[in-house]
Structure formats: structure tokens, C-alpha cells
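Q: Hey, dropping my_file-v8.cif in here, mmCIF, C-alpha atoms and all ligand atoms:
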```cif
data_coords
loop_
_atom_site.label_atom_id
_atom_site.label_comp_id
_atom_site.auth_asym_id
_atom_site.auth_seq_id
_atom_site.Cartn_x
_atom_site.Cartn_y
_atom_site.Cartn_z
CA MET A 193 0.00 0.00 0.00
CA GLU A 194 2.96 2.32 0.62
CA GLN A 195 4.20 1.58 -2.89
CA LEU A 196 0.77 1.99 -4.43
CA GLY A 197 0.09 5.18 -2.48
CA ILE A 198 -3.03 3.76 -0.83
CA PRO A 199 -3.77 5.24 2.62
CA TYR A 200 -4.11 2.65 5.39
CA THR A 201 -5.11 2.92 9.03
CA GLY A 202 -2.82 2.68 12.03
CA SER A 203 0.93 2.30 12.22
CA GLY A 204 3.42 2.42 9.40
CA VAL A 205 5.78 -0.32 8.31
CA LEU A 206 8.55 0.00 10.90
CA ALA A 207 6.36 0.12 14.03
CA SER A 208 4.29 -2.87 12.91
CA ALA A 209 7.41 -4.84 11.97
CA LEU A 210 8.92 -4.12 15.41
CA GLY A 211 5.68 -5.15 17.09
CA MET A 212 5.31 -8.32 15.05
CA HIS A 213 8.74 -9.67 15.97
CA LYS A 214 8.60 -10.27 19.72
CA PRO A 215 12.39 -10.80 20.26
CA THR A 216 13.25 -7.49 18.54
CA PHE A 217 10.51 -5.71 20.46
CA LYS A 218 11.80 -7.13 23.75
CA THR A 219 15.35 -5.97 22.94
CA LEU A 220 13.89 -2.48 22.63
CA LEU A 221 12.01 -2.85 25.95
CA THR A 222 15.20 -3.91 27.70
CA ALA A 223 17.08 -0.91 26.24
CA LEU A 224 14.27 1.32 27.57
CA ASN A 225 14.48 -0.29 31.03
CA ILE A 226 10.91 -1.60 30.75
CA ASP A 227 10.18 -4.83 32.64
CA THR A 228 9.56 -7.85 30.37
CA PRO A 229 9.95 -11.59 31.08
CA ARG A 230 13.52 -12.86 30.62
CA SER A 231 13.67 -14.82 27.40
CA VAL A 232 15.79 -16.58 24.84
CA THR A 233 15.11 -16.97 21.13
CA VAL A 234 15.44 -20.48 19.68
CA LEU A 235 15.28 -21.81 16.13
CA ALA A 236 12.90 -24.60 15.16
CA ASP A 237 15.52 -26.41 13.08
CA HIS A 238 18.04 -26.69 15.93
CA SER A 239 18.15 -29.99 17.77
CA VAL A 240 15.91 -30.29 20.83
CA GLU A 241 18.98 -31.19 22.93
CA SER A 242 20.87 -28.01 21.99
CA THR A 243 17.75 -25.90 22.60
CA LEU A 244 17.34 -27.43 26.08
CA THR A 245 20.96 -26.48 26.83
CA THR A 246 20.41 -22.94 25.52
CA VAL A 247 17.33 -22.55 27.71
CA GLU A 248 19.11 -24.01 30.72
CA LEU A 249 22.07 -21.60 30.28
CA ASN A 250 19.96 -18.49 29.61
CA LEU A 251 16.94 -18.94 31.85
CA GLY A 252 18.10 -21.63 34.25
CA CYS A 253 14.71 -22.46 35.74
CA TYR A 254 11.25 -23.83 35.00
CA PRO A 255 8.38 -23.39 34.24
CA VAL A 256 8.91 -21.62 30.93
CA PHE A 257 6.48 -20.21 28.40
CA VAL A 258 7.01 -20.98 24.69
CA LYS A 259 5.58 -18.89 21.84
CA PRO A 260 6.34 -18.27 18.17
CA ALA A 261 8.63 -15.24 17.67
CA GLY A 262 6.32 -13.76 15.07
CA GLY A 263 2.95 -15.28 15.93
CA GLY A 264 -0.19 -14.06 17.63
CA GLY A 265 -3.58 -14.99 19.04
CA SER A 266 -1.84 -17.38 21.48
CA LEU A 267 -1.43 -19.85 18.58
CA GLY A 268 1.55 -22.17 19.00
CA ALA A 269 2.04 -21.08 22.63
CA GLY A 270 2.38 -23.34 25.66
CA ILE A 271 3.80 -23.92 29.14
CA ALA A 272 6.57 -26.40 29.99
CA ARG A 273 7.06 -27.28 33.68
CA ASP A 274 10.35 -29.08 33.19
CA ALA A 275 12.92 -30.08 30.57
CA ASP A 276 10.91 -33.16 29.53
CA GLU A 277 7.79 -31.10 28.88
CA LEU A 278 9.83 -28.52 26.97
CA ALA A 279 11.35 -31.27 24.82
CA GLY A 280 7.83 -32.61 24.10
CA LEU A 281 6.56 -29.13 23.22
CA LEU A 282 9.52 -28.43 20.94
CA ARG A 283 9.11 -31.77 19.14
CA ALA A 284 5.40 -31.08 18.57
CA ARG A 285 6.11 -27.49 17.47
CA GLY A 286 8.84 -28.71 15.09
CA LYS A 287 6.05 -29.94 12.80
CA GLU A 288 4.49 -26.46 12.58
CA GLN A 289 5.49 -23.70 10.17
CA TYR A 290 7.19 -21.33 12.63
CA ALA A 291 10.96 -21.00 12.14
CA GLU A 292 11.68 -19.18 15.39
CA TYR A 293 10.34 -19.40 18.95
CA MET A 294 10.79 -17.48 22.15
CA VAL A 295 11.19 -19.28 25.45
CA GLU A 296 10.34 -16.96 28.36
CA GLU A 297 10.44 -17.27 32.11
CA TYR A 298 6.92 -18.25 33.18
CA ILE A 299 5.16 -15.36 34.90
CA ASP A 300 2.27 -15.98 37.28
CA GLY A 301 -0.03 -13.08 36.50
CA ILE A 302 -3.36 -11.85 35.17
CA PRO A 303 -3.38 -10.81 31.49
CA CYS A 304 -4.00 -7.09 31.09
CA THR A 305 -4.16 -5.02 27.93
CA VAL A 306 -3.97 -1.25 27.59
CA GLY A 307 -5.28 0.40 24.44
CA ILE A 308 -4.08 3.64 22.89
CA LEU A 309 -6.39 5.53 20.55
CA ASP A 310 -5.67 8.77 18.78
CA GLN A 311 -8.01 11.50 19.93
CA GLY A 312 -6.07 14.40 18.45
CA ARG A 313 -3.08 12.99 20.34
CA PRO A 314 -2.49 9.41 21.54
CA ALA A 315 -4.81 8.85 24.53
CA VAL A 316 -4.58 5.86 26.88
CA LEU A 317 -7.85 3.94 27.35
CA PRO A 318 -8.84 2.33 30.69
CA PRO A 319 -6.87 -0.93 31.19
CA LEU A 320 -8.70 -4.25 30.76
CA THR A 321 -7.87 -7.42 32.68
CA CYS A 322 -8.96 -10.82 31.50
CA GLU A 323 -9.11 -13.85 33.80
CA THR A 324 -9.66 -17.40 32.68
CA ASP A 325 -9.84 -20.82 34.32
CA ARG A 326 -7.83 -22.25 31.45
CA VAL A 327 -4.10 -22.91 31.90
CA PHE A 328 -3.39 -19.54 30.24
CA TYR A 329 -5.20 -16.98 28.07
CA ASP A 330 -5.16 -19.28 25.04
CA TYR A 331 -6.74 -19.25 21.58
CA GLU A 332 -9.98 -20.81 22.87
CA ALA A 333 -10.39 -18.25 25.68
CA LYS A 334 -9.72 -15.45 23.21
CA HIS A 335 -12.54 -16.65 20.94
CA ASP A 336 -15.17 -17.74 23.46
CA ARG A 337 -16.48 -15.07 25.83
CA GLY A 338 -17.79 -17.83 28.13
CA LEU A 339 -14.20 -18.89 28.84
CA ARG A 340 -12.99 -15.53 30.13
CA ARG A 341 -13.99 -12.80 32.59
CA GLU A 342 -13.12 -9.28 31.49
CA THR A 343 -12.94 -6.31 33.84
CA CYS A 344 -12.71 -2.82 32.35
CA PRO A 345 -11.74 -0.47 33.87
CA ALA A 346 -9.49 -3.03 35.53
CA GLU A 347 -9.33 -3.11 39.32
CA LEU A 348 -5.61 -2.53 39.76
CA PRO A 349 -3.64 -1.21 42.73
CA GLU A 350 -3.11 2.53 42.14
CA GLY A 351 0.66 2.34 41.57
CA VAL A 352 0.30 -0.56 39.15
CA GLU A 353 -2.44 1.19 37.18
CA GLN A 354 -0.34 4.32 36.81
CA ARG A 355 2.66 2.25 35.75
CA VAL A 356 0.84 0.28 33.04
CA VAL A 357 -0.80 3.43 31.67
CA GLU A 358 2.54 5.28 31.48
CA THR A 359 4.34 2.25 30.10
CA ALA A 360 1.73 1.62 27.38
CA LEU A 361 2.05 5.20 26.15
CA LYS A 362 5.85 5.03 26.28
CA VAL A 363 5.86 1.79 24.25
CA HIS A 364 3.42 3.24 21.69
CA GLN A 365 5.59 6.33 21.25
CA GLN A 366 8.98 4.61 21.31
CA ILE A 367 8.17 2.11 18.55
CA GLY A 368 6.69 4.95 16.52
CA ALA A 369 3.17 3.46 16.49
CA HIS A 370 0.48 5.61 14.92
CA GLY A 371 -3.14 6.08 15.86
CA VAL A 372 -3.99 2.85 17.64
CA SER A 373 -2.25 0.04 19.52
CA CYS A 374 -2.69 -2.33 22.46
CA VAL A 375 0.11 -3.18 24.89
CA ASP A 376 -0.20 -6.54 26.70
CA PHE A 377 1.00 -6.97 30.30
CA LEU A 378 0.83 -9.57 33.05
CA ILE A 379 -0.23 -8.24 36.46
CA CYS A 380 1.61 -10.19 39.18
CA PRO A 381 0.68 -10.63 42.86
CA ASP A 382 4.09 -9.19 43.84
CA GLY A 383 3.35 -5.88 42.09
CA ARG A 384 5.37 -6.58 38.94
CA SER A 385 3.70 -5.79 35.60
CA PRO A 386 5.98 -7.03 32.81
CA VAL A 387 5.16 -6.16 29.19
CA LEU A 388 4.54 -9.14 26.90
CA GLU A 389 4.00 -7.49 23.55
CA VAL A 390 2.46 -4.65 21.56
CA ASN A 391 -0.25 -5.17 18.95
CA THR A 392 -0.17 -2.42 16.35
CA VAL A 393 -3.13 -3.95 14.48
CA PRO A 394 -5.56 -4.83 17.29
CA SER A 395 -8.92 -6.42 16.56
CA LEU A 396 -11.60 -3.84 15.72
CA SER A 397 -14.42 -6.28 16.45
CA GLU A 398 -17.31 -4.90 18.49
CA GLN A 399 -16.64 -7.71 21.01
CA GLY A 400 -12.88 -7.06 21.03
CA SER A 401 -10.79 -5.59 23.85
CA LEU A 402 -10.22 -2.28 22.07
CA ALA A 403 -13.96 -1.66 21.69
CA THR A 404 -14.53 -2.56 25.36
CA MET A 405 -11.80 -0.17 26.49
CA ALA A 406 -13.11 2.59 24.19
CA THR A 407 -16.64 2.14 25.61
CA ALA A 408 -15.22 2.43 29.15
CA ALA A 409 -13.64 5.73 28.07
CA GLY A 410 -17.00 6.99 26.77
CA VAL A 411 -16.10 6.45 23.11
CA SER A 412 -18.88 4.62 21.22
CA TYR A 413 -18.04 1.80 18.81
CA MET A 414 -18.87 3.91 15.73
CA GLU A 415 -16.79 6.79 17.06
CA MET A 416 -13.89 4.40 17.70
CA ILE A 417 -14.06 3.10 14.11
CA LYS A 418 -14.20 6.67 12.80
CA ARG A 419 -11.11 7.62 14.81
CA VAL A 420 -9.24 4.58 13.55
CA LEU A 421 -10.22 5.41 9.93
CA ASP A 422 -9.00 8.98 10.42
CA THR A 423 -5.53 7.67 11.31
CA ALA A 424 -5.04 6.69 7.63
CA PHE A 425 -4.79 10.38 6.76
CA THR A 426 -2.65 11.67 9.63
CA LYS A 427 0.39 9.40 9.26
CA ASP A 428 3.77 10.81 8.29
CA ALA A 429 4.98 9.74 4.84
CA TYR A 430 7.06 6.54 4.79
CA VAL A 431 10.62 7.26 3.76
CA PRO A 432 12.53 3.99 3.31
N1 LIG B 1 6.01 -15.37 29.99
C1 LIG B 1 4.74 -15.75 30.17
N2 LIG B 1 4.37 -16.34 31.35
C2 LIG B 1 3.08 -16.76 31.54
N3 LIG B 1 2.11 -16.63 30.63
C3 LIG B 1 2.41 -16.04 29.45
C4 LIG B 1 3.74 -15.57 29.17
N4 LIG B 1 3.74 -15.05 27.91
C5 LIG B 1 2.49 -15.17 27.45
N5 LIG B 1 1.68 -15.78 28.36
C6 LIG B 1 0.26 -16.11 28.19
O1 LIG B 1 -0.05 -16.16 26.81
C7 LIG B 1 -0.96 -15.12 26.43
C8 LIG B 1 -0.57 -14.54 25.07
O2 LIG B 1 0.75 -14.04 25.13
P1 LIG B 1 1.27 -12.85 24.23
O3 LIG B 1 2.72 -12.66 24.53
O4 LIG B 1 0.38 -11.65 24.42
O5 LIG B 1 1.18 -13.41 22.74
P2 LIG B 1 0.03 -13.35 21.59
O6 LIG B 1 0.69 -12.59 20.47
O7 LIG B 1 -0.21 -14.77 21.23
O8 LIG B 1 -1.16 -12.63 22.18
C9 LIG B 1 -0.87 -14.13 27.59
O9 LIG B 1 -2.05 -13.38 27.75
C10 LIG B 1 -0.64 -15.04 28.78
O10 LIG B 1 -1.85 -15.67 29.19
MG MG B 2 -1.17 -10.83 23.25
#
```
Could you write out this file's structure as C-alpha cells?

A:
Amino acid sequence: MEQLGIPYTGSGVLASALGMHKPTFKTLLTALNIDTPRSVTVLADHSVESTLTTVELNLGCYPVFVKPAGGGGSLGAGIARDADELAGLLRARGKEQYAEYMVEEYIDGIPCTVGILDQGRPAVLPPLTCETDRVFYDYEAKHDRGLRRETCPAELPEGVEQRVVETALKVHQQIGAHGVSCVDFLICPDGRSPVLEVNTVPSLSEQGSLATMATAAGVSYMEMIKRVLDTAFTKDAYVP
């Protein structure tokens, strides 16, 4: 669309590319001193034995959380409680199409997302937490409202709320996102709130998190869509 000169909503090429590749995004977070789970990137075509050694050397403890480096929607993700489970997961994942995975320290926390929507300037929407009885916030829980309990505005301790709001805005600005984004966190019992990822192309569904957060901010669904459409015409030109 850049080459054809067709306007498109949301972020430009660089911000979306940074957001899509979790390891690169996490390198940026670390440089910015923003808390994110410790992780190591592994390649699907390496032997399971060498990957186990890499994980052991870099993380040194279990459980770990495995996810594709460039995936989304919780697809291909899973928890391994020990080296045997990780080996099983890696063997199963080896048959899938992802070339690269991230293995992260497992964080015990409640998934939380914070939306940013351009309202003349980037404005942070009320955070949304999402609890589930499933092992984690997986693909099924994301697509079946009966499998999750959303709270928006989230009931967060004051300091944590302020931190996630400030961090979401910082992430949005530092990756050069435009118009709309959602930053995912985990809210931990010990007060930590590590960033998992940023979504520069969040779902615009009426049942989606962004619409729920917009509603909580007093922005109707139609108004939200209008504001997202407007972002196609306010983006700086892409200069490769
Ligand atoms: N390091 C982790 N520890 C524990 N759970 C995690 C971790 N990373 C991700 N998860 C779980 O997986 C879900 C999706 O992770 P996320 O990094 O946002 O990837 P996706 O792009 O698939 O949404 C999170 O909401 C959380 O439930
Ligand atoms: Mg996510």
C-alpha cells in the first residue's frame, strides 16, 4: 500500500514490523528499562537437545512459556514445567510452520491489555484485565467469551495502574506506532507488571478488547471506528 500510495489505518511499516517480531521488540524494551519476562530466542531447526541447553544456560529455571517469535492470538504457545515437557513441546512445534520461537520465564499473573487511541493525540484507554480458568489466556479463551472474565476499567492497585498506563504510552511512542495500539502486560501478585507485547493492528471487532476499552472511556463503537479510519490520513509519509 505504501508503494501503491493507498492510505491505510494505524501504524506504518517500521512500528508494525517491530511489534510483530517479539524478540526485537523485547530488545527495545530492555534498552528502555521496561520490565519484560527474561527470554531466549530459539530456532525450530536446531536440535531439541541443543535448545534445552540454551534454555538451561539463559533462563536456568522452569516453568517456561514458549511462543512463536512472530505469531499471535496465542497460537503455537504453551507452558513447559520441566525439561521433559519442553522437549515434548519443541518436538510437537517442530512440525508447525514457525521458524523461530521465544522461550520466556513463566510469569504468574493476570493478562491485562492497555489500548491507545488517537483522539487528536495518543490517549490511553482504561486498562482491561482478562481472567480465565484455562491454563493460560489461550486461543480458545480469546474466541469464546464464556471462557474468560473481562474487567474494564481493571481493578488494579493505584501504583500498578499508573505504571501500566505510562508504560503503554511510552511503548506506543517509542516504537513509533500511529493512531492505535494495544500493549499486553501480566499483572503479578508481587506488584510486577511485565510487558509481553504490543499489537499495532488490534482487533476492531465490536466484542474485542479495544472496543470494550473505548466504551469504558465513553467512546462509542462507531466513534472508535471513525477515529481509527481517520488515522489513515494523519500518518507521516514513509521514507525507506
Ligand atoms: N512469559 C509468560 N508467562 C506466563 N504466561 C504467558 C507468558 N507469555 C504469554 N503468556 C500467556 O499467553 C498469552 C498470550 O501471550 P502474548 O505474549 O500476548 O502473545 P500473543 O501474540 O499470542 O497474544 C498471555 O495473555 C498469557 O496468558
Ligand atoms: Mg497478546

Q: Looking at all atoms listed in the file, which of A:Phe377, A:Ser395, A:Gly268, A:Leu388 is the one that sits closest to Ser231 (chain A)?

A: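 Selected residue with least distance to Ser231 (chain A): A:Leu388.
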
Q: Using all atoms listed in the file, which protein or nucleic acid residues come within 9 Å of Val316 (chain A)? Drop anything in the same chain fewer than 2 positions from it, and give the result as a PyMOL selection string.

A: chain A and resi 306-310+314+318-319+357-358+360-361

Q: For CA of Leu421 (chain A) and CA of Leu396 (chain A), determine how far apart the two atoms are, in Å to one decimal place.

A: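 Taking CA of Leu421 (chain A) as the start and CA of Leu396 (chain A) as the end point, the length is 11.0 Å.
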
Q: Would you compute the distance between CA of Ala261 (chain A) and CA of Met294 (chain A)? Give it in Å to one decimal.

A: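 Rounded to one decimal, the two atoms are 5.5 Å apart.
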
Q: Produce as a list in words the set of residues near ligand MG 2 (chain B), where near means within 8 Å with all atoms listed in the file considered.

A: Gly264, Gly265, Ser266, Val375, Asp376, Leu388, Glu389, Val390 and Asn391 of chain A

Q: For ligand LIG 1 (chain B), collect every residue having any atom at a distance of at most 8 Å from a ligand atom (counting only C-alpha atoms and all ligand atoms); output as a PyMOL selection string.

A: chain A and resi 214+229-230+256-259+262-271+295-304+328-331+376-378+388-391

Q: Could you jot down the CA of Gln195 (chain A) to CA of Gln289 (chain A) separation for me, Å, one decimal place?

A: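 If I compute the distance from CA of Gln195 (chain A) to CA of Gln289 (chain A), I get 28.5 Å.
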
Q: Give the padded box for region 282-289 of chain A as lines of an AutoDock Vina configuration file: axis-aligned, covering all atoms listed in the file, 6 Å on each side, centre and edge lengths in Å to one decimal.

A:
```
center_x = 7.0
center_y = -27.7
center_z = 15.6
size_x = 17.0
size_y = 20.1
size_z = 22.8
```

Q: Set the distance at 9 Å and use all atoms listed in the file: which residues neighbour Ala409 (chain A) once local chain neighbours fewer than 5 positions away are removed? I'd like the list as a PyMOL selection string.

A: chain A and resi 317-318+345+404

Q: Find the residues around Ile198 (chain A) up to 12 Å (only C-alpha atoms counted), leave out those fewer than 5 positions away in its own chain, and share them as an NGL selection string.

A: :A and (193 or 424-425 or 429-430)

Q: Excluding Glu194 (chain A) and its own-chain neighbours fewer than 6 positions away, which residues fall within 12 Å of it when counting all atoms listed in the file? Please give them as a tab-separated table (two decimals) with C-alpha atoms, keeping the file's coordinate frame.

A:
```
chain	number	residue	atom	x	y	z
A	200	TYR	CA	-4.11	2.65	5.39
A	201	THR	CA	-5.11	2.92	9.03
A	203	SER	CA	0.93	2.30	12.22
A	204	GLY	CA	3.42	2.42	9.40
A	205	VAL	CA	5.78	-0.32	8.31
A	206	LEU	CA	8.55	0.00	10.90
A	424	ALA	CA	-5.04	6.69	7.63
A	427	LYS	CA	0.39	9.40	9.26
A	428	ASP	CA	3.77	10.81	8.29
A	429	ALA	CA	4.98	9.74	4.84
A	430	TYR	CA	7.06	6.54	4.79
A	431	VAL	CA	10.62	7.26	3.76
A	432	PRO	CA	12.53	3.99	3.31
```

Q: Calculated over all atoms listed in the file, which of the candidates A:Leu249, A:Ile379, A:Ile367, A:Ile417 has the smallest distance to Glu398 (chain A)?

A: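 Closest to Glu398 (chain A), using all atoms listed in the file: A:Ile417.
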
Q: Excluding same-chain residues fewer than 5 positions from Asp276 (chain A), what lies within 10 Å of it counting only C-alpha atoms, as a count of residues only?

A: 3

Q: When you count only C-alpha atoms, which of these residues is closest to Ala408 (chain A): A:Ile226, A:Arg313, A:Leu320, A:Asp237?

A: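 Under the stated criterion, the closest residue is A:Leu320.
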
Q: My list of candidates is A:Thr343, A:Thr407, A:Thr392, A:Thr423. Which is closest to Val363 (chain A) when distances are computed with only C-alpha atoms?

A: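 Among the listed residues, the smallest separation from Val363 (chain A) belongs to A:Thr392.
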
Q: Give as a list in words the set of residues within 12 Å of the point (-15.9, -11.6, 30.2), where distances use the file's coordinates and all atoms listed in the file.

A: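 Taken together, the residues in range are Leu320, Thr321, Cys322, Glu323, Thr324, Asp325, Ala333, Lys334, His335, Asp336, Arg337, Gly338, Leu339, Arg340, Arg341, Glu342, Thr343, Cys344, Ala346, Gln399, Gly400, Ser401 and Thr404 of chain A.
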
Q: Store the residues picked out above in a file with C-alpha atoms, as a compact mmCIF listing (two decimals), in the coordinates of the input.

A:
```txt
# COMPACT_ATOMS: atom_id res chain seq x y z
CA LEU A 320 -8.70 -4.25 30.76
CA THR A 321 -7.87 -7.42 32.68
CA CYS A 322 -8.96 -10.82 31.50
CA GLU A 323 -9.11 -13.85 33.80
CA THR A 324 -9.66 -17.40 32.68
CA ASP A 325 -9.84 -20.82 34.32
CA ALA A 333 -10.39 -18.25 25.68
CA LYS A 334 -9.72 -15.45 23.21
CA HIS A 335 -12.54 -16.65 20.94
CA ASP A 336 -15.17 -17.74 23.46
CA ARG A 337 -16.48 -15.07 25.83
CA GLY A 338 -17.79 -17.83 28.13
CA LEU A 339 -14.20 -18.89 28.84
CA ARG A 340 -12.99 -15.53 30.13
CA ARG A 341 -13.99 -12.80 32.59
CA GLU A 342 -13.12 -9.28 31.49
CA THR A 343 -12.94 -6.31 33.84
CA CYS A 344 -12.71 -2.82 32.35
CA ALA A 346 -9.49 -3.03 35.53
CA GLN A 399 -16.64 -7.71 21.01
CA GLY A 400 -12.88 -7.06 21.03
CA SER A 401 -10.79 -5.59 23.85
CA THR A 404 -14.53 -2.56 25.36
```

Q: Mind writing region 304-315 of chain A to a file for me, with all heavy atoms, as an mmCIF file, in the first residue's frame?

A:
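Printed below is decode_10.cif as written:
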```cif
data_model
loop_
_atom_site.group_PDB
_atom_site.id
_atom_site.type_symbol
_atom_site.label_atom_id
_atom_site.label_comp_id
_atom_site.auth_asym_id
_atom_site.auth_seq_id
_atom_site.Cartn_x
_atom_site.Cartn_y
_atom_site.Cartn_z
ATOM 1 N N CYS A 304 -3.432 -8.435 31.083
ATOM 2 C CA CYS A 304 -4.000 -7.090 31.086
ATOM 3 C C CYS A 304 -3.599 -6.440 29.773
ATOM 4 O O CYS A 304 -2.455 -6.611 29.318
ATOM 5 C CB CYS A 304 -3.407 -6.309 32.267
ATOM 6 S SG CYS A 304 -3.845 -4.554 32.314
ATOM 7 N N THR A 305 -4.522 -5.733 29.146
ATOM 8 C CA THR A 305 -4.160 -5.018 27.928
ATOM 9 C C THR A 305 -4.531 -3.555 28.093
ATOM 10 O O THR A 305 -5.504 -3.229 28.790
ATOM 11 C CB THR A 305 -4.801 -5.677 26.678
ATOM 12 O OG1 THR A 305 -4.212 -5.119 25.515
ATOM 13 C CG2 THR A 305 -6.291 -5.505 26.615
ATOM 14 N N VAL A 306 -3.709 -2.687 27.500
ATOM 15 C CA VAL A 306 -3.967 -1.252 27.595
ATOM 16 C C VAL A 306 -3.984 -0.695 26.175
ATOM 17 O O VAL A 306 -2.992 -0.811 25.448
ATOM 18 C CB VAL A 306 -2.893 -0.536 28.446
ATOM 19 C CG1 VAL A 306 -3.227 0.941 28.585
ATOM 20 C CG2 VAL A 306 -2.781 -1.180 29.820
ATOM 21 N N GLY A 307 -5.122 -0.119 25.793
ATOM 22 C CA GLY A 307 -5.279 0.404 24.438
ATOM 23 C C GLY A 307 -4.896 1.872 24.363
ATOM 24 O O GLY A 307 -5.041 2.625 25.329
ATOM 25 N N ILE A 308 -4.392 2.241 23.181
ATOM 26 C CA ILE A 308 -4.081 3.644 22.894
ATOM 27 C C ILE A 308 -4.899 4.002 21.651
ATOM 28 O O ILE A 308 -4.894 3.238 20.679
ATOM 29 C CB ILE A 308 -2.588 3.843 22.531
ATOM 30 C CG1 ILE A 308 -1.654 3.121 23.494
ATOM 31 C CG2 ILE A 308 -2.251 5.322 22.353
ATOM 32 C CD1 ILE A 308 -1.303 3.844 24.720
ATOM 33 N N LEU A 309 -5.586 5.106 21.699
ATOM 34 C CA LEU A 309 -6.395 5.528 20.552
ATOM 35 C C LEU A 309 -6.169 7.013 20.330
ATOM 36 O O LEU A 309 -6.210 7.797 21.281
ATOM 37 C CB LEU A 309 -7.880 5.242 20.843
ATOM 38 C CG LEU A 309 -8.872 5.571 19.732
ATOM 39 C CD1 LEU A 309 -8.607 4.735 18.479
ATOM 40 C CD2 LEU A 309 -10.309 5.338 20.218
ATOM 41 N N ASP A 310 -5.927 7.367 19.088
ATOM 42 C CA ASP A 310 -5.670 8.765 18.780
ATOM 43 C C ASP A 310 -6.949 9.585 18.932
ATOM 44 O O ASP A 310 -7.958 9.271 18.337
ATOM 45 C CB ASP A 310 -5.147 8.886 17.341
ATOM 46 C CG ASP A 310 -4.226 10.068 17.221
ATOM 47 O OD1 ASP A 310 -4.660 11.181 17.567
ATOM 48 O OD2 ASP A 310 -3.071 9.881 16.801
ATOM 49 N N GLN A 311 -6.864 10.586 19.793
ATOM 50 C CA GLN A 311 -8.007 11.495 19.934
ATOM 51 C C GLN A 311 -7.440 12.909 19.793
ATOM 52 O O GLN A 311 -7.514 13.723 20.686
ATOM 53 C CB GLN A 311 -8.678 11.305 21.290
ATOM 54 C CG GLN A 311 -8.708 9.840 21.709
ATOM 55 C CD GLN A 311 -9.840 9.507 22.647
ATOM 56 O OE1 GLN A 311 -10.924 10.075 22.568
ATOM 57 N NE2 GLN A 311 -9.595 8.583 23.560
ATOM 58 N N GLY A 312 -6.802 13.154 18.651
ATOM 59 C CA GLY A 312 -6.066 14.403 18.453
ATOM 60 C C GLY A 312 -4.618 14.177 18.830
ATOM 61 O O GLY A 312 -3.691 14.590 18.159
ATOM 62 N N ARG A 313 -4.407 13.476 19.922
ATOM 63 C CA ARG A 313 -3.081 12.989 20.338
ATOM 64 C C ARG A 313 -3.323 11.592 20.905
ATOM 65 O O ARG A 313 -4.480 11.256 21.228
ATOM 66 C CB ARG A 313 -2.464 13.921 21.387
ATOM 67 C CG ARG A 313 -3.335 14.069 22.577
ATOM 68 C CD ARG A 313 -2.826 14.998 23.644
ATOM 69 N NE ARG A 313 -3.861 15.088 24.670
ATOM 70 C CZ ARG A 313 -4.118 14.161 25.590
ATOM 71 N NH1 ARG A 313 -3.373 13.077 25.641
ATOM 72 N NH2 ARG A 313 -5.091 14.299 26.449
ATOM 73 N N PRO A 314 -2.260 10.775 21.044
ATOM 74 C CA PRO A 314 -2.490 9.413 21.543
ATOM 75 C C PRO A 314 -3.050 9.453 22.976
ATOM 76 O O PRO A 314 -2.428 10.041 23.849
ATOM 77 C CB PRO A 314 -1.105 8.771 21.517
ATOM 78 C CG PRO A 314 -0.221 9.685 20.744
ATOM 79 C CD PRO A 314 -0.842 11.040 20.767
ATOM 80 N N ALA A 315 -4.210 8.874 23.197
ATOM 81 C CA ALA A 315 -4.811 8.854 24.532
ATOM 82 C C ALA A 315 -4.890 7.414 25.024
ATOM 83 O O ALA A 315 -5.228 6.502 24.263
ATOM 84 C CB ALA A 315 -6.205 9.468 24.487
#
```
